[in-house]
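Below: the structure, in structure tokens.
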Amino acid sequence: MIAPDWYPSREKLRQFAVIALFGFGLMGLVARFKFGLEVTPYIVWTIGGLTFLLGLISPTSVLPVYVALMGITIPIGWFVSH
């Protein structure tokens with residue numbers, strides 16, 4: 001299993017912020033067009049946009065979002081690999 005990086009560098013957090021913009025954007029599109037939700041895509045897009053802007057201005061400010069998503073995806077990856 002790959003060890004998670006709980007204390008990423010500022011550069012890695014900036015990369016995460018850029019990826020989050022596209023990731024949250026895609027999730028918003030799926031929520032809108034696949035599930036027909038009206039309000040949820042705007043909430044998801046706002047989270048992605050704020051994560052992106054904060055990540056460019058102050059990369060350490062997106063650390064809680066990074067850690068939360070790591071905490072969610074690590075058990076999923078463990079379950080799928082087993």
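Labels used: A, B, ... for chains in the order of the structure tokens, numbers from 1 for residues in each chain, and numbers from 1 for ligands as shown.
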I'd like a table as a Markdown table: residues in range 3-28 of chain A with an atom no more than 8 Å from range 62-73 of chain A, each row giving the shortest atom pair and its distance in Å to one decimal, only C-alpha atoms counted, sorted by chain and rising residue number.
| residue | atom | partner | partner_atom | distance |
| --- | --- | --- | --- | --- |
| A:Pro4 | CA | A:Met70 | CA | 7.5 |
| A:Trp6 | CA | A:Val67 | CA | 6.6 |
| A:Leu13 | CA | A:Val62 | CA | 7.0 |
| A:Phe16 | CA | A:Tyr66 | CA | 7.5 |
| A:Ala17 | CA | A:Val62 | CA | 7.4 |
**Message:** Measuring between only C-alpha atoms, which one of A:Pro75, A:Pro41, A:Pro59, A:Gly49 shows the shortest distance to Arg10 in chain A?
**Reply:**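 Result for the nearest residue to Arg10 in chain A: A:Pro59.
Among the candidates A:Val30, A:Ile19, A:Gly36, A:Ile74, the one nearest to Leu53 in chain A when counting only C-alpha atoms is A:Ile19.
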**Asked** How many Å lie between CA of Tyr42 in chain A and CA of Thr60 in chain A, rounded to one decimal?
**Response**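 Taking CA of Tyr42 in chain A as the start and CA of Thr60 in chain A as the end point, the length is 24.6 Å.
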**Closest of A:Arg14, A:Leu56, A:Trp45, A:Thr51 to Leu29 in chain A - atom-to-atom distances counting only C-alpha atoms** =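 The answer is A:Trp45, which sits nearest to Leu29 in chain A.
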**Request:** Taking the chain letters and numbering used in this document, name the residues of chain A that DSSP puts in alpha helix (DSSP H), as a ChimeraX atom specification.
**Result:** /A:10-33,40-57,63-81
**Prompt:** What is the distance, in Å and to one decimal place, between CA of Ser61 in chain A and CA of Phe24 in chain A?
**Reply:**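 Answer for the CA of Ser61 in chain A to CA of Phe24 in chain A separation: 17.4 Å.
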**Of the listed residues A:Val18, A:Leu26, A:Val44, A:Ile76, that which approaches Ile57 in chain A most closely, counting only C-alpha atoms** =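 Smallest separation from Ile57 in chain A among the options: A:Val18.
We find CA of Phe79 in chain A and CA of Ala20 in chain A to be spaced 23.4 Å apart.
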**Request:** Find the residue from A:Thr46, A:Ser9, A:Ser58, A:Ser81 that sits nearest to Met27 in chain A; use only C-alpha atoms when measuring.
**Result:**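 For Met27 in chain A, the nearest of the candidates is A:Thr46.
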